[in-house]
$ cat start-v8.cif   # mmCIF, C-alpha atoms
data_entry
#
loop_
_atom_site.label_atom_id
_atom_site.label_comp_id
_atom_site.auth_asym_id
_atom_site.auth_seq_id
_atom_site.Cartn_x
_atom_site.Cartn_y
_atom_site.Cartn_z
CA MET Q 1 2.31 -0.62 -28.87
CA ASP Q 2 4.54 2.44 -28.96
CA GLY Q 3 7.37 0.71 -30.78
CA GLN Q 4 9.56 1.16 -27.70
CA GLN Q 5 9.75 -1.23 -24.76
CA ILE Q 6 9.95 0.67 -21.48
CA PRO Q 7 11.95 -1.03 -18.71
CA ASP Q 8 9.97 -2.07 -15.62
CA GLU Q 9 12.07 0.15 -13.36
CA THR Q 10 11.22 3.16 -15.52
CA ILE Q 11 7.52 2.30 -15.29
CA ASP Q 12 7.84 2.07 -11.49
CA ARG Q 13 9.58 5.42 -11.32
CA LEU Q 14 7.11 7.08 -13.70
CA PHE Q 15 4.35 6.12 -11.24
CA SER Q 16 6.38 7.49 -8.34
CA TYR Q 17 6.93 10.86 -10.08
CA LEU Q 18 3.19 11.45 -10.36
CA ARG Q 19 2.42 12.26 -6.74
CA PRO Q 20 5.16 14.91 -6.26
CA LEU Q 21 4.18 16.43 -9.63
CA MET Q 22 0.54 16.63 -8.56
CA CYS Q 23 1.65 18.28 -5.32
CA LEU Q 24 3.60 20.87 -7.31
CA ARG Q 25 0.59 21.54 -9.53
CA ARG Q 26 -1.64 21.92 -6.50
CA GLU Q 27 0.81 24.46 -5.06
CA GLY Q 28 0.57 26.45 -8.29
CA THR Q 29 3.99 25.56 -9.75
CA ASP Q 30 3.93 25.73 -13.59
CA THR Q 31 7.44 24.62 -14.53
CA VAL Q 32 10.08 22.58 -12.74
CA LEU Q 33 13.77 21.98 -13.45
CA SER Q 34 14.82 18.34 -13.73
CA ARG Q 35 17.33 18.68 -10.89
CA ASP Q 36 14.65 20.13 -8.54
CA LEU Q 37 12.13 17.45 -9.46
CA ALA Q 38 14.82 14.77 -9.11
CA ARG Q 39 15.59 15.93 -5.57
CA LEU Q 40 11.88 15.95 -4.71
CA CYS Q 41 11.58 12.37 -6.03
CA SER Q 42 14.86 11.15 -4.50
CA VAL Q 43 16.40 10.03 -7.82
CA ALA Q 44 19.45 11.17 -9.76
CA PRO Q 45 18.72 13.92 -12.35
CA THR Q 46 20.22 11.74 -15.11
CA VAL Q 47 17.86 8.88 -14.24
CA LEU Q 48 14.89 11.22 -14.27
CA ARG Q 49 15.84 12.72 -17.65
CA LYS Q 50 16.39 9.26 -19.13
CA ASP Q 51 12.96 8.16 -17.83
CA PHE Q 52 11.30 11.21 -19.34
CA SER Q 53 12.96 10.52 -22.70
CA TYR Q 54 10.44 7.66 -23.10
CA LEU Q 55 7.65 10.23 -23.05
CA GLY Q 56 8.77 11.94 -26.26
CA ARG Q 57 9.86 15.56 -26.61
CA LEU Q 58 9.20 17.31 -23.32
CA GLY Q 59 10.94 20.12 -21.48
CA THR Q 60 13.24 22.96 -22.54
CA ARG Q 61 16.88 23.23 -21.51
CA GLY Q 62 17.29 25.88 -18.80
CA VAL Q 63 13.53 26.40 -18.47
CA GLY Q 64 12.54 22.94 -17.30
CA TYR Q 65 9.44 20.87 -17.71
CA ASN Q 66 5.89 22.14 -17.84
CA VAL Q 67 4.31 20.39 -14.83
CA ASP Q 68 0.92 19.93 -16.42
CA GLU Q 69 2.34 18.60 -19.68
CA LEU Q 70 4.56 16.20 -17.76
CA ILE Q 71 1.66 14.83 -15.73
CA ARG Q 72 -0.38 14.31 -18.89
CA GLY Q 73 2.56 12.66 -20.68
CA ILE Q 74 3.23 10.26 -17.81
CA ARG Q 75 -0.42 9.38 -17.34
CA ARG Q 76 -0.83 8.69 -21.05
CA LYS Q 77 2.20 6.38 -21.06
CA LEU Q 78 0.90 4.61 -17.94
CA ARG Q 79 -2.62 4.11 -19.39
CA PHE Q 80 -3.84 6.29 -16.55
CA ASP Q 81 -5.26 9.15 -18.60
CA ASP Q 82 -8.91 8.17 -18.80
CA GLU Q 83 -11.12 7.87 -15.76
CA THR Q 84 -11.53 4.17 -15.01
CA ARG Q 85 -14.89 2.92 -13.79
CA VAL Q 86 -14.70 0.79 -10.66
CA ALA Q 87 -17.04 -1.45 -8.68
CA LEU Q 88 -16.85 -1.57 -4.90
CA VAL Q 89 -17.90 -4.71 -3.03
CA GLY Q 90 -18.54 -4.31 0.69
CA VAL Q 91 -19.76 -1.07 2.24
CA GLY Q 92 -18.28 -1.13 5.75
CA ASN Q 93 -16.09 1.64 7.17
CA ILE Q 94 -13.52 1.31 4.40
CA GLY Q 95 -16.14 1.14 1.66
CA ARG Q 96 -17.86 4.19 3.09
CA ALA Q 97 -14.58 6.11 3.25
CA LEU Q 98 -14.05 5.34 -0.44
CA LEU Q 99 -17.58 6.33 -1.44
CA GLU Q 100 -17.62 9.51 0.58
CA GLN Q 101 -14.01 10.31 -0.40
CA SER Q 102 -13.64 11.51 3.16
CA ARG Q 103 -10.09 10.18 3.34
CA PHE Q 104 -9.22 8.21 0.26
CA GLU Q 105 -8.87 10.31 -2.83
CA LEU Q 106 -9.35 8.00 -5.80
CA GLU Q 107 -7.85 10.16 -8.51
CA GLY Q 108 -8.38 8.71 -11.97
CA PHE Q 109 -11.01 6.25 -10.78
CA ARG Q 110 -14.74 6.56 -10.34
CA ILE Q 111 -16.80 4.12 -8.28
CA VAL Q 112 -19.92 3.50 -10.37
CA PHE Q 113 -21.28 0.50 -8.46
CA ALA Q 114 -21.28 -0.46 -4.79
CA PHE Q 115 -22.56 -3.82 -3.58
CA ASP Q 116 -23.39 -5.19 -0.16
CA ASN Q 117 -25.51 -8.06 1.13
CA ASP Q 118 -26.82 -6.14 4.15
CA LYS Q 119 -30.53 -5.39 3.57
CA GLU Q 120 -30.19 -2.27 5.73
CA LYS Q 121 -27.67 -0.82 3.30
CA ILE Q 122 -29.13 -1.89 -0.06
CA GLY Q 123 -30.97 0.99 -1.73
CA ARG Q 124 -29.25 3.69 0.34
CA THR Q 125 -27.21 6.38 -1.39
CA MET Q 126 -23.60 6.91 -0.29
CA GLY Q 127 -21.52 9.54 -1.99
CA LYS Q 128 -22.95 9.46 -5.51
CA VAL Q 129 -23.80 5.76 -5.63
CA VAL Q 130 -26.87 3.73 -4.66
CA ILE Q 131 -25.88 0.51 -2.87
CA ASP Q 132 -26.90 -2.54 -4.93
CA ASP Q 133 -27.72 -6.03 -3.74
CA ALA Q 134 -24.61 -8.21 -3.99
CA ALA Q 135 -26.80 -10.84 -5.68
CA MET Q 136 -26.92 -8.54 -8.73
CA LEU Q 137 -23.12 -8.20 -8.95
CA GLU Q 138 -22.35 -10.46 -11.88
CA GLU Q 139 -25.25 -9.26 -14.01
CA LYS Q 140 -24.54 -5.55 -13.47
CA LEU Q 141 -20.78 -5.72 -13.96
CA ARG Q 142 -21.15 -7.76 -17.16
CA ALA Q 143 -23.73 -5.34 -18.58
CA GLU Q 144 -21.38 -2.38 -18.04
CA SER Q 145 -18.10 -4.22 -18.82
CA ILE Q 146 -16.52 -3.18 -15.51
CA GLN Q 147 -12.95 -4.49 -15.34
CA VAL Q 148 -11.70 -3.06 -12.03
CA ALA Q 149 -13.04 -3.77 -8.55
CA ILE Q 150 -12.28 -2.96 -4.94
CA LEU Q 151 -12.82 -5.80 -2.49
CA ALA Q 152 -13.70 -4.51 0.99
CA VAL Q 153 -15.61 -7.46 2.41
CA PRO Q 154 -14.71 -9.43 5.55
CA GLU Q 155 -11.71 -11.69 5.05
CA ALA Q 156 -13.75 -14.90 5.29
CA SER Q 157 -15.93 -14.00 2.28
CA ALA Q 158 -13.12 -12.45 0.21
CA PRO Q 159 -12.12 -15.57 -1.81
CA ALA Q 160 -15.70 -16.33 -2.89
CA VAL Q 161 -16.35 -12.71 -3.88
CA ALA Q 162 -13.04 -12.56 -5.75
CA ARG Q 163 -14.02 -15.62 -7.81
CA LEU Q 164 -17.42 -14.05 -8.52
CA LEU Q 165 -15.72 -10.83 -9.68
CA ALA Q 166 -13.40 -12.83 -11.92
CA SER Q 167 -16.28 -14.66 -13.52
CA ALA Q 168 -18.06 -11.32 -14.04
CA GLY Q 169 -15.15 -10.23 -16.25
CA VAL Q 170 -13.17 -8.17 -13.74
CA LYS Q 171 -9.42 -8.14 -14.55
CA SER Q 172 -7.95 -6.09 -11.68
CA ILE Q 173 -8.88 -6.37 -8.00
CA LEU Q 174 -7.65 -4.17 -5.16
CA SER Q 175 -8.27 -6.11 -1.97
CA PHE Q 176 -8.37 -4.99 1.64
CA ALA Q 177 -8.35 -8.60 2.85
CA PRO Q 178 -4.78 -9.45 3.89
CA CYS Q 179 -4.62 -13.11 2.90
CA GLY Q 180 -3.29 -14.19 -0.50
CA MET Q 181 -5.67 -16.21 -2.63
CA ALA Q 182 -5.36 -18.00 -5.94
CA MET Q 183 -6.88 -16.07 -8.85
CA PRO Q 184 -7.97 -17.40 -12.25
CA GLU Q 185 -5.55 -16.68 -15.09
CA GLY Q 186 -5.87 -13.15 -16.43
CA VAL Q 187 -7.00 -11.62 -13.13
CA LYS Q 188 -4.55 -9.52 -11.13
CA MET Q 189 -4.98 -8.73 -7.48
CA THR Q 190 -3.11 -6.34 -5.21
CA CYS Q 191 -3.67 -6.40 -1.46
CA VAL Q 192 -3.52 -3.37 0.80
CA ASP Q 193 -1.55 -4.94 3.62
CA LEU Q 194 -1.32 -2.31 6.34
CA SER Q 195 0.43 -4.49 8.93
CA LEU Q 196 3.27 -5.30 6.58
CA THR Q 197 3.46 -1.73 5.31
CA MET Q 198 3.85 -0.55 8.90
CA ALA Q 199 6.30 -3.30 9.76
CA ARG Q 200 8.55 -2.29 6.85
CA LEU Q 201 8.40 1.33 7.96
CA VAL Q 202 9.26 0.48 11.56
CA TYR Q 203 12.09 -1.80 10.41
CA ARG Q 204 13.67 1.04 8.41
CA SER Q 205 13.54 3.31 11.48
CA CYS Q 206 15.05 0.59 13.69
CA ILE Q 207 17.92 -0.08 11.30
CA GLU Q 208 18.68 3.61 10.96
CA ASP Q 209 18.73 4.01 14.74
CA GLU Q 210 21.08 1.04 15.10
CA GLN Q 211 23.37 2.44 12.43
CA ASN Q 212 23.43 5.83 14.14
CA VAL Q 213 24.24 4.20 17.46
CA GLY Q 214 26.95 2.14 15.70
CA GLU Q 215 28.46 5.27 14.16
CA ARG Q 216 28.44 7.10 17.46
CA LYS Q 217 30.14 4.15 19.14
CA GLY Q 218 32.72 4.10 16.36
CA GLU Q 219 33.57 7.79 16.75
CA MET M 1 23.80 -6.03 15.19
CA ASP M 2 23.77 -9.68 14.16
CA GLY M 3 27.25 -9.55 12.68
CA GLN M 4 25.80 -10.19 9.22
CA GLN M 5 24.55 -7.53 6.84
CA ILE M 6 21.36 -8.68 5.12
CA PRO M 7 20.84 -7.34 1.57
CA ASP M 8 17.85 -5.03 1.09
CA GLU M 9 16.26 -7.39 -1.46
CA THR M 10 16.38 -10.21 1.09
CA ILE M 11 14.70 -7.98 3.67
CA ASP M 12 12.00 -7.13 1.12
CA ARG M 13 11.44 -10.79 0.33
CA LEU M 14 11.42 -11.83 4.00
CA PHE M 15 8.53 -9.42 4.52
CA SER M 16 6.73 -10.84 1.50
CA TYR M 17 7.07 -14.44 2.76
CA LEU M 18 5.22 -13.60 5.97
CA ARG M 19 1.71 -13.32 4.59
CA PRO M 20 1.67 -16.66 2.69
CA LEU M 21 3.23 -18.33 5.76
CA MET M 22 0.54 -16.91 8.01
CA CYS M 23 -2.07 -18.19 5.56
CA LEU M 24 -0.54 -21.66 5.73
CA ARG M 25 -0.56 -21.56 9.51
CA ARG M 26 -4.18 -20.44 9.55
CA GLU M 27 -5.05 -23.37 7.27
CA GLY M 28 -3.40 -25.72 9.77
CA THR M 29 -0.23 -26.53 7.79
CA ASP M 30 2.66 -27.45 10.14
CA THR M 31 5.54 -27.95 7.73
CA VAL M 32 6.22 -26.76 4.20
CA LEU M 33 8.83 -27.76 1.62
CA SER M 34 10.96 -24.93 0.26
CA ARG M 35 9.82 -25.63 -3.32
CA ASP M 36 6.14 -25.44 -2.33
CA LEU M 37 6.63 -22.25 -0.35
CA ALA M 38 8.71 -20.78 -3.19
CA ARG M 39 5.87 -21.44 -5.65
CA LEU M 40 3.38 -19.85 -3.26
CA CYS M 41 5.62 -16.77 -2.95
CA SER M 42 6.52 -16.61 -6.67
CA VAL M 43 10.30 -16.85 -6.14
CA ALA M 44 12.88 -19.44 -7.17
CA PRO M 45 13.50 -22.16 -4.51
CA THR M 46 17.23 -21.32 -4.49
CA VAL M 47 16.46 -17.67 -3.73
CA LEU M 48 14.14 -18.64 -0.92
CA ARG M 49 16.67 -21.05 0.62
CA LYS M 50 19.42 -18.42 0.40
CA ASP M 51 17.14 -15.85 2.08
CA PHE M 52 16.34 -18.27 4.89
CA SER M 53 20.03 -18.96 5.43
CA TYR M 54 20.21 -15.51 7.06
CA LEU M 55 17.82 -16.75 9.74
CA GLY M 56 20.22 -19.35 11.09
CA ARG M 57 19.63 -23.11 11.17
CA LEU M 58 16.07 -23.77 10.08
CA GLY M 59 14.42 -26.61 8.21
CA THR M 60 15.30 -30.27 7.61
CA ARG M 61 16.16 -31.68 4.19
CA GLY M 62 13.25 -33.71 2.82
CA VAL M 63 10.95 -32.67 5.67
CA GLY M 64 10.87 -28.94 5.06
CA TYR M 65 10.44 -25.96 7.33
CA ASN M 66 8.30 -25.77 10.40
CA VAL M 67 5.85 -22.99 9.53
CA ASP M 68 5.59 -21.60 13.02
CA GLU M 69 9.35 -21.60 13.58
CA LEU M 70 9.87 -19.91 10.22
CA ILE M 71 7.37 -17.15 11.02
CA ARG M 72 9.04 -16.54 14.38
CA GLY M 73 12.51 -16.52 12.81
CA ILE M 74 11.52 -14.04 10.10
CA ARG M 75 9.69 -11.75 12.50
CA ARG M 76 12.64 -11.72 14.88
CA LYS M 77 15.00 -10.78 12.06
CA LEU M 78 12.63 -8.06 10.88
CA ARG M 79 12.21 -6.57 14.39
CA PHE M 80 8.57 -7.50 14.09
CA ASP M 81 8.36 -9.98 16.98
CA ASP M 82 7.07 -7.73 19.75
CA GLU M 83 3.74 -6.02 19.58
CA THR M 84 4.37 -2.37 18.72
CA ARG M 85 2.24 0.28 20.39
CA VAL M 86 0.73 2.78 17.96
CA ALA M 87 -1.12 6.09 18.18
CA LEU M 88 -3.93 6.89 15.77
CA VAL M 89 -4.70 10.49 14.86
CA GLY M 90 -8.08 11.13 13.24
CA VAL M 91 -11.12 8.97 13.91
CA GLY M 92 -13.10 9.21 10.66
CA ASN M 93 -14.17 6.17 8.64
CA ILE M 94 -10.61 4.91 8.22
CA GLY M 95 -9.72 5.49 11.85
CA ARG M 96 -12.87 3.69 12.95
CA ALA M 97 -12.09 0.74 10.67
CA LEU M 98 -8.65 0.49 12.30
CA LEU M 99 -10.00 0.74 15.85
CA GLU M 100 -12.82 -1.71 15.31
CA GLN M 101 -10.58 -3.99 13.24
CA SER M 102 -13.63 -4.52 11.08
CA ARG M 103 -11.50 -4.63 7.93
CA PHE M 104 -7.91 -3.78 8.68
CA GLU M 105 -6.16 -6.43 10.66
CA LEU M 106 -3.19 -4.77 12.33
CA GLU M 107 -1.18 -7.85 13.19
CA GLY M 108 1.81 -7.04 15.37
CA PHE M 109 0.53 -3.58 16.23
CA ARG M 110 -1.79 -2.35 18.95
CA ILE M 111 -3.46 1.05 18.86
CA VAL M 112 -3.13 2.37 22.40
CA PHE M 113 -4.13 5.99 21.75
CA ALA M 114 -6.62 7.60 19.39
CA PHE M 115 -6.93 11.36 19.00
CA ASP M 116 -9.48 13.60 17.34
CA ASN M 117 -10.44 17.25 17.67
CA ASP M 118 -14.19 16.62 17.29
CA LYS M 119 -15.87 17.24 20.68
CA GLU M 120 -18.57 14.71 19.74
CA LYS M 121 -15.96 11.96 19.50
CA ILE M 122 -13.66 12.82 22.42
CA GLY M 123 -14.38 10.56 25.43
CA ARG M 124 -16.18 7.90 23.37
CA THR M 125 -14.84 4.35 23.33
CA MET M 126 -14.11 2.72 19.97
CA GLY M 127 -12.76 -0.79 19.88
CA LYS M 128 -10.69 -0.88 23.07
CA VAL M 129 -9.61 2.75 23.07
CA VAL M 130 -11.12 5.95 24.50
CA ILE M 131 -10.79 8.85 22.03
CA ASP M 132 -8.52 11.58 23.44
CA ASP M 133 -8.51 15.28 22.70
CA ALA M 134 -5.95 16.02 19.98
CA ALA M 135 -4.71 18.90 22.18
CA MET M 136 -3.27 16.22 24.53
CA LEU M 137 -1.35 14.44 21.77
CA GLU M 138 2.19 15.60 22.46
CA GLU M 139 1.96 15.18 26.22
CA LYS M 140 0.46 11.67 26.07
CA LEU M 141 2.79 10.31 23.40
CA ARG M 142 5.87 11.63 25.17
CA ALA M 143 4.76 10.14 28.50
CA GLU M 144 4.38 6.69 26.93
CA SER M 145 7.32 6.94 24.47
CA ILE M 146 5.11 6.09 21.48
CA GLN M 147 7.25 5.93 18.31
CA VAL M 148 4.75 4.84 15.67
CA ALA M 149 1.64 6.69 14.52
CA ILE M 150 -1.10 6.40 11.93
CA LEU M 151 -2.19 9.65 10.36
CA ALA M 152 -5.83 9.53 9.24
CA VAL M 153 -6.76 13.20 9.31
CA PRO M 154 -8.03 15.27 6.35
CA GLU M 155 -5.29 16.07 3.86
CA ALA M 156 -5.26 19.78 4.69
CA SER M 157 -4.33 19.19 8.33
CA ALA M 158 -1.90 16.31 7.68
CA PRO M 159 1.35 18.36 7.47
CA ALA M 160 0.72 20.18 10.77
CA VAL M 161 -0.22 16.97 12.58
CA ALA M 162 2.82 15.18 11.12
CA ARG M 163 5.11 17.90 12.50
CA LEU M 164 3.39 17.65 15.89
CA LEU M 165 3.91 13.87 15.88
CA ALA M 166 7.56 14.34 15.01
CA SER M 167 8.09 16.77 17.86
CA ALA M 168 6.34 14.31 20.21
CA GLY M 169 9.08 11.78 19.47
CA VAL M 170 7.30 9.66 16.82
CA LYS M 171 9.78 8.05 14.39
CA SER M 172 7.48 6.23 11.94
CA ILE M 173 4.26 7.56 10.43
CA LEU M 174 1.83 5.69 8.21
CA SER M 175 -0.23 8.32 6.42
CA PHE M 176 -3.53 8.07 4.58
CA ALA M 177 -3.09 11.55 3.12
CA PRO M 178 -1.79 11.17 -0.45
CA CYS M 179 0.44 14.22 -0.74
CA GLY M 180 4.16 14.02 0.05
CA MET M 181 5.40 16.32 2.78
CA ALA M 182 8.83 17.15 4.16
CA MET M 183 9.62 15.40 7.44
CA PRO M 184 12.24 16.32 10.04
CA GLU M 185 15.37 14.16 9.98
CA GLY M 186 14.92 10.84 11.74
CA VAL M 187 11.21 10.56 10.97
CA LYS M 188 10.06 8.14 8.28
CA MET M 189 6.69 8.32 6.60
CA THR M 190 4.92 5.91 4.27
CA CYS M 191 1.76 6.92 2.46
CA VAL M 192 -1.07 4.58 1.60
CA ASP M 193 -1.68 5.79 -1.93
CA LEU M 194 -4.69 3.88 -3.22
CA SER M 195 -5.01 5.69 -6.56
CA LEU M 196 -1.45 4.86 -7.56
CA THR M 197 -1.74 1.31 -6.22
CA MET M 198 -4.80 0.81 -8.41
CA ALA M 199 -3.20 2.53 -11.40
CA ARG M 200 -0.20 0.17 -11.22
CA LEU M 201 -2.52 -2.81 -11.03
CA VAL M 202 -4.58 -1.67 -14.02
CA TYR M 203 -1.40 -0.93 -16.00
CA ARG M 204 -0.14 -4.48 -15.48
CA SER M 205 -3.47 -5.87 -16.73
CA CYS M 206 -3.41 -3.56 -19.79
CA ILE M 207 0.12 -4.54 -20.74
CA GLU M 208 -0.64 -8.25 -20.39
CA ASP M 209 -3.72 -7.86 -22.58
CA GLU M 210 -1.69 -6.03 -25.24
CA GLN M 211 0.99 -8.71 -25.17
CA ASN M 212 -1.61 -11.44 -25.53
CA VAL M 213 -3.18 -9.65 -28.48
CA GLY M 214 0.30 -9.19 -29.94
CA GLU M 215 1.08 -12.89 -29.58
CA ARG M 216 -2.22 -13.91 -31.12
CA LYS M 217 -1.55 -11.61 -34.09
CA GLY M 218 1.93 -13.06 -34.46
CA GLU M 219 0.69 -16.67 -34.58
#
$ encode --input "start-v8.cif" --output "structure tokens"
Amino acid sequence: MDGQQIPDETIDRLFSYLRPLMCLRREGTDTVLSRDLARLCSVAPTVLRKDFSYLGRLGTRGVGYNVDELIRGIRRKLRFDDETRVALVGVGNIGRALLEQSRFELEGFRIVFAFDNDKEKIGRTMGKVVIDDAAMLEEKLRAESIQVAILAVPEASAPAVARLLASAGVKSILSFAPCGMAMPEGVKMTCVDLSLTMARLVYRSCIEDEQNVGERKGE
Amino acid sequence: MDGQQIPDETIDRLFSYLRPLMCLRREGTDTVLSRDLARLCSVAPTVLRKDFSYLGRLGTRGVGYNVDELIRGIRRKLRFDDETRVALVGVGNIGRALLEQSRFELEGFRIVFAFDNDKEKIGRTMGKVVIDDAAMLEEKLRAESIQVAILAVPEASAPAVARLLASAGVKSILSFAPCGMAMPEGVKMTCVDLSLTMARLVYRSCIEDEQNVGERKGE
């Protein structure tokens, strides 16, 4: 432990600062003022500075923060500084997109195993990985102490595969199956739920439209 | 407007109740008690009942809520009751997965247009949609008043396509490109950021492990 308990909201915001910071770095920006970064991240500058105070001594008054140093400091605090090895189960369109990194950029993660039960796929190389037989899953993950997995199998088989992953020692599962399922204690699962993500987005647009109409009516 | 302002946290929770409710319905459950649903959704029963009070008269004491009625009530409140027509831009692995619904189930949304600039893909049918030339995007979306789009193009072309979508009248964009980009006023964008989603998941597992170790040491 670091001797200092970081509030959950700070942790959430630290994650959300990472993407804009990485964009800045990609654009060649070396240093950034807290007020500029705060605007980019849609938070108040005081909130941002308070959050960064949990990272130790960073930044110089009037000069700003070194972007690279900030990214490293945040990632260290978020246990996101080493590359994490990941197993993928299910090599359909989504699985292939992950392996070929054609769309999904998995920064900080490396897929070291991919499993499928389709005999046509087993033994083929995709991206940098040879597809393994799903029957070997438990044995291989245990041998390499893999703790993180991506579940990209059809919804009907997802619960059984999730239980298998749990018993193979996996602690964190990112699932593309939309339905919630009970997990053994000590295993965390997050679902990529595109319908609900879109529905939230559309709702926000609707509400804003209604408010604009309301304001215009009220003029 | 419904005459009643719903707090943002209630809106968030109403969205999060939908998936467990749909699971119940799929499993053939007709009615559910608030305490059982609350446990399934990891909220306090009082919170859940308060949230549902915004939906009008629903549920019977001792009998519980009708699952189907509850789903319809929530979706109506969340402007998620009609099927929303969506345009897809970019038919790579992700786009194909969306069109073929092989992994992503887009409940409540229907992809009515798909665009790509690859001559090999234009004119081909995927799922129920014929791939259109990306050069036709603005004209087609305007003609059909499409307001929601999914952006599944390579990261480098994402900003230009997003601007094109905005000028075609699109209000909500779900993007698979990880980098933030400035949007014109009135356009909302949500990014599917798998690396950060996984990093948050792994962080929660790490912290729990550390706390367990801490507790064991403290015994």
$ residues_near_point --input "start-v8.cif" --point "(-23.0, -7.5, -8.4)" --cutoff "12 Å" --atoms "all atoms listed in the file" --output "number ranges by chain"
Q: 86-90, 112-117, 122, 131-146, 149, 151, 161-162, 164-170
$ interface_residues --input "start-v8.cif" --of "chain Q" --to "chain M" --cutoff "8 Å" --atoms "only C-alpha atoms" --output "count of residues only"
54
$ atom_distance --input "start-v8.cif" --atom1 "CA of Val129 (chain M)" --atom2 "CA of Ala156 (chain M)"
25.4 Å
$ atom_distance --input "start-v8.cif" --atom1 "CA of Val32 (chain Q)" --atom2 "CA of Gly59 (chain Q)"
9.1 Å
$ residues_near_point --input "start-v8.cif" --point "(2.6, 19.8, -17.8)" --cutoff "9 Å" --atoms "all atoms listed in the file" --output "list of chain:residue names"
Q:Leu21, Q:Arg25, Q:Asp30, Q:Thr31, Q:Leu58, Q:Tyr65, Q:Asn66, Q:Val67, Q:Asp68, Q:Glu69, Q:Leu70, Q:Ile71, Q:Arg72, Q:Gly73
$ residues_around --input "start-v8.cif" --residues "Ser34 (chain Q)" --least-positions-apart "6" --cutoff "7 Å" --atoms "only C-alpha atoms" --output "count of residues only"
3
$ resolve_selection --input "start-v8.cif" --expression "the PyMOL selection byres ((chain Q and resi 51) around 10)" --output "list in words"
Ile6, Pro7, Glu9, Thr10, Ile11, Arg13, Leu14, Pro45, Thr46, Val47, Leu48, Arg49, Lys50, Phe52, Ser53, Tyr54, Leu55 and Ile74 of chain Q
$ write_last_selection --input "start-v8.cif" --atoms "C-alpha atoms" --output "PDB file, in the frame of the given file"
ATOM      1  CA  ILE Q   6       9.950   0.670 -21.480  1.00  0.00           C
ATOM      2  CA  PRO Q   7      11.950  -1.030 -18.710  1.00  0.00           C
ATOM      3  CA  GLU Q   9      12.070   0.150 -13.360  1.00  0.00           C
ATOM      4  CA  THR Q  10      11.220   3.160 -15.520  1.00  0.00           C
ATOM      5  CA  ILE Q  11       7.520   2.300 -15.290  1.00  0.00           C
ATOM      6  CA  ARG Q  13       9.580   5.420 -11.320  1.00  0.00           C
ATOM      7  CA  LEU Q  14       7.110   7.080 -13.700  1.00  0.00           C
ATOM      8  CA  PRO Q  45      18.720  13.920 -12.350  1.00  0.00           C
ATOM      9  CA  THR Q  46      20.220  11.740 -15.110  1.00  0.00           C
ATOM     10  CA  VAL Q  47      17.860   8.880 -14.240  1.00  0.00           C
ATOM     11  CA  LEU Q  48      14.890  11.220 -14.270  1.00  0.00           C
ATOM     12  CA  ARG Q  49      15.840  12.720 -17.650  1.00  0.00           C
ATOM     13  CA  LYS Q  50      16.390   9.260 -19.130  1.00  0.00           C
ATOM     14  CA  PHE Q  52      11.300  11.210 -19.340  1.00  0.00           C
ATOM     15  CA  SER Q  53      12.960  10.520 -22.700  1.00  0.00           C
ATOM     16  CA  TYR Q  54      10.440   7.660 -23.100  1.00  0.00           C
ATOM     17  CA  LEU Q  55       7.650  10.230 -23.050  1.00  0.00           C
ATOM     18  CA  ILE Q  74       3.230  10.260 -17.810  1.00  0.00           C
TER      19      ILE Q  74
END
$ axis_aligned_box --input "start-v8.cif" --around "region 193-204 of chain Q" --padding-each-side "4 Å" --output "AutoDock Vina command-line options"
--center_x 6.1 --center_y -2.0 --center_z 7.6 --size_x 23.2 --size_y 14.6 --size_z 15.9
